[in-house]
file entry-v2.txt (compact mmCIF, C-alpha atoms and all ligand atoms)
# COMPACT_ATOMS: atom_id res chain seq x y z
CA MET H 1 4.97 -16.70 8.38
CA THR H 2 8.38 -18.36 8.57
CA GLN H 3 9.71 -20.00 11.70
CA ILE H 4 12.53 -17.98 13.18
CA ASN H 5 14.89 -19.77 15.52
CA ASP H 6 16.13 -18.16 18.72
CA ALA H 7 19.61 -17.61 17.30
CA THR H 8 18.21 -15.55 14.40
CA LEU H 9 15.78 -13.77 16.72
CA SER H 10 18.63 -12.66 18.94
CA THR H 11 20.27 -10.89 15.98
CA ILE H 12 17.20 -8.70 15.30
CA PRO H 13 17.30 -5.35 17.11
CA SER H 14 14.23 -4.06 18.91
CA PRO H 15 12.07 -2.62 17.56
CA CYS H 16 12.45 -3.64 13.91
CA PHE H 17 10.37 -4.07 10.75
CA VAL H 18 11.43 -7.36 9.17
CA LEU H 19 10.67 -8.31 5.56
CA GLU H 20 10.61 -12.06 4.84
CA GLU H 21 11.94 -12.43 1.29
CA GLU H 22 10.54 -15.88 0.74
CA LEU H 23 7.02 -14.64 1.49
CA LEU H 24 7.48 -11.71 -0.89
CA ALA H 25 8.54 -14.18 -3.59
CA ARG H 26 5.34 -16.14 -2.98
CA ASN H 27 3.24 -13.00 -3.54
CA LEU H 28 5.19 -12.09 -6.65
CA ALA H 29 4.45 -15.53 -8.08
CA VAL H 30 0.72 -14.70 -7.92
CA PHE H 31 1.20 -11.49 -9.93
CA ASP H 32 3.48 -13.30 -12.34
CA ARG H 33 0.68 -15.79 -13.00
CA VAL H 34 -1.89 -13.00 -13.48
CA GLN H 35 0.35 -11.17 -15.96
CA GLN H 36 1.00 -14.40 -17.88
CA ALA H 37 -2.69 -15.29 -18.08
CA ALA H 38 -4.25 -11.86 -18.67
CA PRO H 39 -3.13 -8.84 -20.71
CA ILE H 40 -2.36 -6.61 -17.74
CA ARG H 41 0.72 -4.86 -16.40
CA VAL H 42 1.08 -4.69 -12.62
CA MET H 43 2.80 -1.75 -10.88
CA LEU H 44 3.77 -1.37 -7.24
CA ALA H 45 1.88 1.44 -5.48
CA LEU H 46 4.64 3.08 -3.47
CA LYS H 47 2.17 4.68 -1.11
CA GLY H 48 1.55 1.22 0.38
CA PHE H 49 5.08 -0.16 0.38
CA SER H 50 8.26 1.77 -0.46
CA LEU H 51 10.97 -0.44 1.00
CA PHE H 52 13.34 0.21 -1.87
CA HIS H 53 15.90 -2.38 -0.77
CA SER H 54 13.37 -4.95 -1.97
CA PHE H 55 12.87 -3.34 -5.41
CA PRO H 56 15.42 -5.57 -7.19
CA GLN H 57 13.30 -8.55 -6.13
CA LEU H 58 10.03 -6.82 -7.09
CA ARG H 59 11.41 -5.75 -10.48
CA THR H 60 11.73 -9.39 -11.52
CA VAL H 61 7.93 -9.47 -11.90
CA LEU H 62 6.38 -6.02 -11.61
CA LYS H 63 6.47 -3.66 -14.59
CA GLY H 64 6.97 -0.42 -12.74
CA ALA H 65 5.92 1.71 -9.79
CA SER H 66 3.13 4.16 -9.21
CA ALA H 67 3.73 7.37 -7.28
CA SER H 68 1.47 9.94 -5.63
CA SER H 69 3.92 12.83 -5.42
CA LEU H 70 7.21 14.16 -6.74
CA TRP H 71 9.15 12.46 -3.95
CA GLU H 72 7.58 9.07 -4.61
CA ALA H 73 8.15 9.60 -8.34
CA ARG H 74 11.82 10.32 -7.68
CA LEU H 75 12.13 7.21 -5.55
CA ALA H 76 10.46 5.16 -8.29
CA ALA H 77 12.77 6.60 -10.97
CA GLU H 78 15.93 6.20 -8.87
CA GLU H 79 15.26 2.84 -7.27
CA PHE H 80 12.67 1.00 -9.39
CA GLY H 81 13.96 2.37 -12.65
CA THR H 82 11.26 1.22 -15.05
CA GLU H 83 7.83 2.77 -15.74
CA VAL H 84 6.87 5.58 -13.36
CA HIS H 85 3.11 6.22 -13.16
CA VAL H 86 2.32 9.42 -11.31
CA TYR H 87 -1.06 10.48 -9.97
CA SER H 88 -1.50 13.32 -7.52
CA THR H 89 -4.70 14.60 -5.92
CA ALA H 90 -3.44 18.10 -6.88
CA TYR H 91 -0.06 18.79 -8.46
CA ARG H 92 1.98 21.71 -7.14
CA ALA H 93 3.05 23.92 -10.04
CA GLU H 94 6.64 23.97 -8.78
CA ASP H 95 6.81 20.14 -8.82
CA VAL H 96 5.58 19.62 -12.38
CA PRO H 97 8.88 20.47 -14.18
CA ASP H 98 10.62 17.78 -12.08
CA ILE H 99 7.87 15.20 -12.63
CA LEU H 100 7.65 15.58 -16.42
CA PRO H 101 11.07 14.08 -17.28
CA ILE H 102 10.62 11.01 -15.06
CA ALA H 103 6.91 10.13 -15.43
CA SER H 104 5.94 7.57 -18.04
CA HIS H 105 2.27 8.28 -17.24
CA MET H 106 0.86 11.37 -15.51
CA THR H 107 -2.70 11.25 -14.25
CA PHE H 108 -4.77 14.26 -13.21
CA ASN H 109 -7.43 14.26 -10.55
CA SER H 110 -9.63 16.98 -12.05
CA LEU H 111 -10.38 18.68 -15.34
CA THR H 112 -9.17 21.99 -13.92
CA GLN H 113 -5.74 20.56 -13.07
CA TRP H 114 -5.53 19.01 -16.54
CA GLU H 115 -6.37 22.40 -18.11
CA GLN H 116 -3.75 24.10 -15.93
CA PHE H 117 -0.90 21.75 -16.91
CA ARG H 118 -2.10 20.50 -20.30
CA SER H 119 0.24 22.51 -22.54
CA GLN H 120 3.21 21.89 -20.22
CA VAL H 121 2.62 18.13 -20.49
CA LEU H 122 1.91 18.07 -24.22
CA ASN H 123 4.90 20.29 -25.04
CA SER H 124 7.31 18.57 -22.71
CA THR H 125 10.57 17.63 -24.47
CA PRO H 126 12.43 15.40 -25.07
CA HIS H 127 10.09 13.14 -23.13
CA GLN H 128 6.34 13.43 -22.79
CA PRO H 129 4.40 11.42 -20.18
CA SER H 130 1.19 9.79 -21.34
CA PRO H 131 -1.57 11.91 -19.76
CA GLY H 132 -4.54 10.43 -17.94
CA LEU H 133 -7.52 11.38 -15.82
CA ARG H 134 -8.69 9.78 -12.61
CA ILE H 135 -12.35 8.87 -12.95
CA ASN H 136 -14.94 8.18 -10.28
CA PRO H 137 -16.68 4.89 -11.15
CA GLU H 138 -19.34 5.62 -8.49
CA TYR H 139 -18.97 2.18 -7.01
CA SER H 140 -16.89 1.04 -4.06
CA PRO H 141 -17.41 -1.96 -1.80
CA VAL H 142 -15.48 -0.22 0.98
CA LYS H 143 -17.63 0.41 4.05
CA THR H 144 -15.11 2.46 6.10
CA ALA H 145 -15.51 6.08 4.90
CA LEU H 146 -11.82 6.81 5.54
CA TYR H 147 -10.95 4.36 2.76
CA ASN H 148 -13.88 4.87 0.37
CA PRO H 149 -12.80 7.00 -2.62
CA CYS H 150 -16.36 7.05 -4.04
CA GLN H 151 -18.13 8.49 -1.00
CA PRO H 152 -20.71 11.21 -1.75
CA SER H 153 -19.11 14.49 -2.89
CA THR H 154 -15.74 12.79 -3.12
CA ARG H 155 -12.75 14.96 -4.05
CA LEU H 156 -11.13 12.02 -5.85
CA GLY H 157 -11.61 11.69 -9.58
CA VAL H 158 -13.83 13.12 -12.31
CA SER H 159 -17.41 11.87 -12.38
CA ALA H 160 -19.16 10.87 -15.61
CA SER H 161 -21.46 13.90 -15.39
CA GLN H 162 -18.48 16.29 -15.08
CA MET H 163 -16.85 14.72 -18.15
CA GLY H 164 -19.43 15.76 -20.72
CA GLU H 165 -19.58 13.95 -24.05
CA THR H 166 -16.06 14.24 -25.43
CA LEU H 167 -12.74 13.05 -24.10
CA PRO H 168 -10.59 16.09 -23.28
CA GLU H 169 -8.06 16.53 -26.06
CA GLY H 170 -4.72 14.94 -25.27
CA ILE H 171 -5.96 12.47 -22.64
CA ASP H 172 -4.70 8.91 -23.28
CA GLY H 173 -5.98 6.95 -20.31
CA PHE H 174 -8.11 6.64 -17.20
CA LEU H 175 -7.29 5.62 -13.62
CA SER H 176 -10.09 4.13 -11.53
CA HIS H 177 -9.12 3.50 -7.91
CA ASN H 178 -12.13 2.50 -5.84
CA LEU H 179 -11.23 -0.76 -4.06
CA CYS H 180 -9.52 -1.63 -0.77
CA GLU H 181 -8.59 -5.19 0.21
CA SER H 182 -11.28 -6.27 -2.26
CA ASP H 183 -12.10 -9.46 -4.16
CA SER H 184 -12.41 -10.30 -7.85
CA PHE H 185 -16.16 -9.70 -7.84
CA ALA H 186 -15.55 -6.09 -6.82
CA LEU H 187 -13.19 -5.82 -9.81
CA GLU H 188 -15.93 -7.24 -12.04
CA LYS H 189 -18.43 -4.70 -10.71
CA THR H 190 -15.91 -1.87 -11.14
CA ILE H 191 -15.44 -2.82 -14.77
CA ALA H 192 -19.19 -2.93 -15.31
CA ASN H 193 -19.55 0.57 -13.86
CA VAL H 194 -16.64 1.98 -15.86
CA GLU H 195 -18.21 0.59 -19.04
CA LYS H 196 -21.65 1.89 -18.09
CA LEU H 197 -20.60 5.40 -17.05
CA PHE H 198 -17.53 5.99 -19.23
CA GLY H 199 -18.16 3.58 -22.12
CA ARG H 200 -18.43 6.41 -24.65
CA PHE H 201 -14.75 7.28 -24.09
CA LEU H 202 -13.33 3.77 -24.19
CA PRO H 203 -12.84 3.57 -27.99
CA GLN H 204 -10.38 6.51 -27.76
CA LEU H 205 -8.40 5.32 -24.73
CA LYS H 206 -4.90 3.88 -24.93
CA TRP H 207 -4.77 2.63 -21.35
CA LEU H 208 -6.96 1.97 -18.34
CA ASN H 209 -5.53 1.61 -14.85
CA PHE H 210 -7.71 -0.26 -12.34
CA GLY H 211 -5.79 1.23 -9.39
CA GLY H 212 -5.12 -0.70 -6.20
CA GLY H 213 -7.16 -2.63 -3.68
CA HIS H 214 -7.02 -5.98 -5.51
CA LEU H 215 -6.08 -8.38 -2.71
CA MET H 216 -4.95 -11.12 -5.09
CA THR H 217 -2.50 -12.57 -2.57
CA ARG H 218 -5.10 -13.25 0.13
CA LYS H 219 -5.69 -16.98 0.35
CA ASP H 220 -9.38 -16.81 -0.58
CA TYR H 221 -8.98 -14.42 -3.56
CA ASP H 222 -10.34 -16.03 -6.73
CA VAL H 223 -7.40 -15.31 -9.04
CA ASP H 224 -8.87 -17.36 -11.89
CA HIS H 225 -12.05 -15.31 -11.79
CA ALA H 226 -10.05 -12.06 -11.95
CA ILE H 227 -8.10 -13.42 -14.92
CA ASP H 228 -11.37 -14.29 -16.70
CA VAL H 229 -12.83 -10.84 -15.99
CA LEU H 230 -9.71 -9.09 -17.33
CA ASN H 231 -9.59 -11.25 -20.42
CA ALA H 232 -13.27 -10.62 -21.10
CA PHE H 233 -12.69 -6.86 -20.87
CA HIS H 234 -9.73 -7.19 -23.21
CA ASP H 235 -11.89 -9.11 -25.72
CA ARG H 236 -14.38 -6.23 -25.75
CA HIS H 237 -11.70 -3.48 -25.89
CA PRO H 238 -8.55 -5.07 -27.33
CA HIS H 239 -6.88 -1.72 -28.07
CA ILE H 240 -6.72 -0.71 -24.37
CA GLN H 241 -3.59 -1.52 -22.36
CA LEU H 242 -4.74 -2.67 -18.90
CA LEU H 243 -2.84 -1.69 -15.77
CA MET H 244 -3.23 -2.08 -12.04
CA GLU H 245 -1.23 -0.68 -9.14
CA PRO H 246 -1.74 -2.65 -5.93
CA GLY H 247 0.20 -1.82 -2.79
CA SER H 248 -1.23 -3.93 0.04
CA ALA H 249 -1.51 -7.10 -2.03
CA ILE H 250 2.17 -7.06 -2.93
CA ALA H 251 3.40 -6.77 0.64
CA TRP H 252 0.49 -8.73 2.18
CA GLU H 253 1.72 -11.05 4.96
CA THR H 254 5.37 -10.66 3.98
CA GLY H 255 6.83 -9.54 7.27
CA PHE H 256 6.41 -8.36 10.83
CA LEU H 257 7.19 -5.68 13.37
CA ILE H 258 9.08 -7.04 16.34
CA GLY H 259 9.21 -5.25 19.67
CA LYS H 260 10.00 -5.99 23.28
CA VAL H 261 8.18 -5.99 26.62
CA LEU H 262 9.58 -3.16 28.80
CA ASP H 263 7.18 -3.33 31.73
CA LEU H 264 4.05 -5.15 32.91
CA ILE H 265 1.35 -3.29 34.84
CA PRO H 266 -1.46 -5.45 36.26
CA ILE H 267 -4.66 -3.48 36.87
CA ASN H 268 -8.20 -4.69 37.55
CA ASP H 269 -8.78 -7.73 35.33
CA LEU H 270 -5.90 -7.26 32.87
CA VAL H 271 -2.18 -6.68 32.50
CA ASN H 272 -0.94 -3.65 30.56
CA VAL H 273 2.06 -4.70 28.50
CA MET H 274 4.34 -1.71 27.99
CA LEU H 275 6.14 -2.10 24.67
CA ASP H 276 8.90 -0.32 22.75
CA VAL H 277 6.60 -0.03 19.70
CA SER H 278 3.64 2.27 19.25
CA PHE H 279 0.36 1.74 17.44
CA THR H 280 -0.08 5.41 16.64
CA ALA H 281 3.54 5.93 15.53
CA HIS H 282 4.37 2.60 13.87
CA MET H 283 1.11 0.75 13.09
CA PRO H 284 -1.35 3.64 12.61
CA ASP H 285 -3.90 1.65 10.59
CA CYS H 286 -4.62 -0.42 13.71
CA LEU H 287 -6.15 2.71 15.24
CA GLU H 288 -7.42 4.36 12.06
CA MET H 289 -9.16 1.41 10.39
CA PRO H 290 -9.40 0.16 13.19
CA TYR H 291 -8.30 -3.48 13.42
CA LYS H 292 -6.62 -5.81 15.87
CA PRO H 293 -3.36 -7.20 14.48
CA ALA H 294 -2.35 -10.82 14.98
CA ILE H 295 0.52 -11.41 17.40
CA ARG H 296 2.65 -14.49 16.95
CA GLY H 297 1.84 -17.03 19.67
CA ALA H 298 -1.16 -15.06 20.97
CA ARG H 299 -4.88 -15.83 20.79
CA ALA H 300 -8.21 -14.43 21.97
CA PRO H 301 -8.56 -14.73 25.76
CA GLU H 302 -10.84 -17.41 27.20
CA THR H 303 -12.23 -17.68 30.70
CA GLY H 304 -9.41 -18.06 33.18
CA ASP H 305 -6.70 -16.64 30.89
CA THR H 306 -4.56 -13.69 31.87
CA MET H 307 -5.71 -10.84 29.62
CA TYR H 308 -2.87 -8.82 28.14
CA ARG H 309 -3.44 -5.36 26.72
CA MET H 310 -0.67 -4.27 24.35
CA GLY H 311 0.42 -0.75 25.25
CA GLY H 312 2.22 1.47 22.75
CA SER H 313 5.32 3.48 23.63
CA SER H 314 3.76 6.93 23.17
CA CYS H 315 1.78 8.70 25.88
CA LEU H 316 -1.35 8.95 23.71
CA ALA H 317 -4.05 7.56 26.02
CA GLY H 318 -5.52 5.42 23.26
CA ASP H 319 -2.20 4.00 22.05
CA PHE H 320 -3.07 0.44 23.07
CA LEU H 321 -4.85 -2.59 21.69
CA GLY H 322 -6.25 -5.64 23.36
CA ASP H 323 -6.96 -8.04 24.55
CA TYR H 324 -4.68 -11.01 23.94
CA ALA H 325 -3.88 -14.26 25.75
CA PHE H 326 -0.66 -16.28 25.60
CA ASP H 327 0.05 -19.86 26.57
CA ARG H 328 2.92 -18.59 28.69
CA GLU H 329 3.22 -15.80 31.21
CA LEU H 330 4.77 -12.70 29.63
CA LYS H 331 7.98 -11.36 31.18
CA VAL H 332 9.95 -8.16 30.81
CA GLY H 333 12.36 -8.65 27.89
CA ASP H 334 10.06 -10.99 25.90
CA ARG H 335 9.95 -10.33 22.16
CA ILE H 336 6.50 -9.56 20.69
CA ILE H 337 5.91 -10.10 16.96
CA PHE H 338 3.09 -8.18 15.25
CA GLU H 339 2.23 -10.06 12.06
CA ASP H 340 1.67 -8.61 8.60
CA MET H 341 3.28 -5.21 9.22
CA MET H 342 4.85 -4.43 5.84
CA HIS H 343 2.11 -2.47 4.04
CA TYR H 344 1.03 1.01 5.15
CA THR H 345 3.40 0.92 8.13
CA MET H 346 6.91 2.09 7.19
CA VAL H 347 5.36 4.60 4.75
CA LYS H 348 3.18 6.09 7.50
CA THR H 349 5.32 6.01 10.63
CA SER H 350 6.04 9.10 12.69
CA MET H 351 8.52 9.98 15.41
CA PHE H 352 5.76 11.24 17.72
CA ASN H 353 6.98 11.51 21.32
CA GLY H 354 10.51 10.97 20.00
CA VAL H 355 9.94 7.26 20.52
CA VAL H 356 12.65 5.12 19.02
CA HIS H 357 11.92 4.42 15.37
CA PRO H 358 11.95 0.73 14.35
CA SER H 359 14.98 -0.39 12.39
CA ILE H 360 14.40 -2.07 9.02
CA GLY H 361 15.81 -5.42 7.93
CA ARG H 362 15.04 -8.65 6.16
CA ILE H 363 15.20 -12.39 6.55
CA ASP H 364 16.66 -13.86 3.39
CA LYS H 365 15.68 -17.15 1.75
CA GLU H 366 18.34 -18.97 3.79
CA GLY H 367 16.77 -17.72 7.03
CA ASN H 368 19.47 -15.17 7.90
CA PHE H 369 18.67 -11.72 9.20
CA LYS H 370 20.29 -8.65 7.65
CA LEU H 371 19.88 -5.12 8.93
CA TRP H 372 19.20 -2.46 6.30
CA ARG H 373 18.65 0.68 8.39
CA GLU H 374 18.79 1.94 11.94
CA PHE H 375 17.50 5.32 13.05
CA SER H 376 19.11 7.77 15.41
CA TYR H 377 18.45 10.92 17.38
CA GLU H 378 19.81 12.88 14.38
CA ASP H 379 17.02 11.47 12.16
CA TYR H 380 14.44 12.63 14.67
CA ARG H 381 16.03 16.06 15.10
CA SER H 382 16.56 16.71 11.40
CA ARG H 383 12.83 16.44 10.67
CA LEU H 384 12.06 19.25 13.07
CA GLY H 385 14.33 22.03 11.95
C1 LIG L 1 -4.65 5.87 -6.64
C2 LIG L 1 -4.25 4.68 -5.82
N1 LIG L 1 -3.65 3.64 -6.43
C3 LIG L 1 -3.25 2.55 -5.73
C4 LIG L 1 -3.46 2.45 -4.37
C5 LIG L 1 -2.99 1.21 -3.65
O1 LIG L 1 -4.06 0.56 -3.03
P1 LIG L 1 -3.83 -0.78 -2.21
O2 LIG L 1 -2.64 -0.59 -1.36
O3 LIG L 1 -5.09 -0.94 -1.42
O4 LIG L 1 -3.64 -1.88 -3.20
C6 LIG L 1 -4.10 3.51 -3.69
C7 LIG L 1 -4.35 3.45 -2.25
O5 LIG L 1 -4.86 4.31 -1.62
C8 LIG L 1 -4.50 4.66 -4.43
O6 LIG L 1 -5.09 5.71 -3.83
call {"tool": "encode", "arguments": {"input": "entry-v2.txt", "output": "structure tokens"}}
result
Amino acid sequence: MTQINDATLSTIPSPCFVLEEELLARNLAVFDRVQQAAPIRVMLALKGFSLFHSFPQLRTVLKGASASSLWEARLAAEEFGTEVHVYSTAYRAEDVPDILPIASHMTFNSLTQWEQFRSQVLNSTPHQPSPGLRINPEYSPVKTALYNPCQPSTRLGVSASQMGETLPEGIDGFLSHNLCESDSFALEKTIANVEKLFGRFLPQLKWLNFGGGHLMTRKDYDVDHAIDVLNAFHDRHPHIQLLMEPGSAIAWETGFLIGKVLDLIPINDLVNVMLDVSFTAHMPDCLEMPYKPAIRGARAPETGDTMYRMGGSSCLAGDFLGDYAFDRELKVGDRIIFEDMMHYTMVKTSMFNGVVHPSIGRIDKEGNFKLWREFSYEDYRSRLG
């Protein structure tokens, strides 16, 4: 978190997502170190963070972008401009001709989808993406079912028993995505399971993508251990190009969502703070995960504190989170800063209730704010017809 002075603060519209470029540079330095010390190429998972104005900065370190659909693939090709790794839970036949010319790698979620598109991929000219399969490593440390790709009867990835004994002809690589905000020991266990369940295919593979969920930029992540684990895998299988495609870890703690207090409604033992931002529309993971985001200058209430409940701007009854305490009394017009709101926010927002959509901007390394995008009634209307 950088300190923002009042003069800069007054130039930021409300509400607004604000990327802090210096913090993004700090995260990129971690991935730079990993790529220097281990034979791995790191991609940006667009599903977690697609703020393309920041791609020139990300491109200085990351080797490409990974996409989950034609539209993300187009964004990657147009704005990232290097390798485009595409994986879709199920490709639409009408999208495939547009994906083929721009995908460097194209990963299939099932053997049936691979069979359906196999000859189209292998006969694609003048460019042919390197085909892969998503596998289910049957291990995930993720306890929340919503985020666990390896839950029983999962629809994500081919299991070892479905694979049979031979690698389907034409397949170059595997994608294993089974982590979420996980540590290096979960990566180690993933590798052990991939080797145990899919070891018979490894001699024929050209690449192996360990997906996302590697929270290498969290302060307690043991980066050296991850580097050791990756190097050890490479020693055992030196012919395999290693890849990973984190989203969260790249944008982790690199910016905030700033809103404003519109009204204060005291009731019983708390004060409802009515904001111009919404949890359901702008910070949906807070309700889905669920988790309580940090607010700059706020803390957990203690006895005697005024308890503030943060109320979102939609009329969804549950669009609120609490409770928070501040060292000052909140007033109408106060700015409220929700920390760490870059990943899985802008990519998931909605215009539910027609609530004003947060603008998007950045604070540069000199501490100046620049606005990238504002939204209007026309943006809201054009999505509906
Ligand atoms: C296939 C795949 N790759 C990469 C990611 C990015 O994961 P994260 O943002 O947790 O790093 C996801 C997230 O759902 C995913 O499904």
call {"tool": "residues_near_ligand", "arguments": {"input": "entry-v2.txt", "ligand": "ligand LIG 1 (chain L)", "cutoff": "6 Å", "atoms": "all atoms listed in the file", "output": "compact mmCIF listing (two decimals) with C-alpha atoms, keeping the file's coordinate frame"}}
result
# COMPACT_ATOMS: atom_id res chain seq x y z
CA ALA H 45 1.88 1.44 -5.48
CA GLY H 48 1.55 1.22 0.38
CA HIS H 177 -9.12 3.50 -7.91
CA CYS H 180 -9.52 -1.63 -0.77
CA GLU H 181 -8.59 -5.19 0.21
CA GLY H 211 -5.79 1.23 -9.39
CA GLY H 212 -5.12 -0.70 -6.20
CA GLY H 213 -7.16 -2.63 -3.68
CA HIS H 214 -7.02 -5.98 -5.51
CA GLU H 245 -1.23 -0.68 -9.14
CA PRO H 246 -1.74 -2.65 -5.93
CA GLY H 247 0.20 -1.82 -2.79
CA SER H 248 -1.23 -3.93 0.04
CA ALA H 249 -1.51 -7.10 -2.03
call {"tool": "atom_distance", "arguments": {"input": "entry-v2.txt", "atom1": "CA of Phe320 in chain H", "atom2": "CA of Phe279 in chain H"}}
result
6.7 Å
call {"tool": "residues_around", "arguments": {"input": "entry-v2.txt", "residues": "Met351 in chain H", "least_positions_apart": "2", "cutoff": "12 Å", "atoms": "all atoms listed in the file", "output": "list in words"}}
result
Val277, Ser278, Phe279, Thr280, Ala281, His282, Ser313, Ser314, Met346, Lys348, Thr349, Asn353, Gly354, Val355, Val356, His357, Pro358, Phe375, Ser376, Tyr377, Glu378, Asp379, Tyr380, Arg381, Ser382, Arg383 and Leu384 of chain H
call {"tool": "closest_atom_pairs", "arguments": {"input": "entry-v2.txt", "of": "range 262-328 of chain H", "to": "range 142-149 of chain H", "cutoff": "10 Å", "atoms": "only C-alpha atoms", "output": "CSV"}}
result
residue,atom,partner,partner_atom,distance
H:Glu288,CA,H:Leu146,CA,8.2
H:Met289,CA,H:Thr144,CA,7.4
H:Pro290,CA,H:Thr144,CA,9.4
call {"tool": "residues_around", "arguments": {"input": "entry-v2.txt", "residues": "range 151-166 of chain H", "least_positions_apart": "6", "cutoff": "7 Å", "atoms": "only C-alpha atoms", "output": "list in words"}}
result
Thr89, Asn109, Ser110, Arg134, Ile135, Asn136, Ala145, Leu197 and Phe198 of chain H
call {"tool": "atom_distance", "arguments": {"input": "entry-v2.txt", "atom1": "CA of His343 in chain H", "atom2": "CA of Ser69 in chain H"}}
result
18.1 Å
call {"tool": "axis_aligned_box", "arguments": {"input": "entry-v2.txt", "around": "range 252-267 of chain H", "padding_each_side": "8 Å", "output": "lines of an AutoDock Vina configuration file"}}
result
center_x = 2.7
center_y = -7.1
center_z = 19.5
size_x = 30.7
size_y = 23.9
size_z = 50.7
call {"tool": "residues_around", "arguments": {"input": "entry-v2.txt", "residues": "Pro141 in chain H", "least_positions_apart": "3", "cutoff": "10 Å", "atoms": "all atoms listed in the file", "output": "ChimeraX atom specification"}}
result
/H:144,148,150,178-183,185-187,189-190
call {"tool": "residues_around", "arguments": {"input": "entry-v2.txt", "residues": "Trp71 in chain H", "least_positions_apart": "5", "cutoff": "10 Å", "atoms": "all atoms listed in the file", "output": "list in words"}}
result
Ala76, Ala77, Asp95, Asp98 and Ile99 of chain H
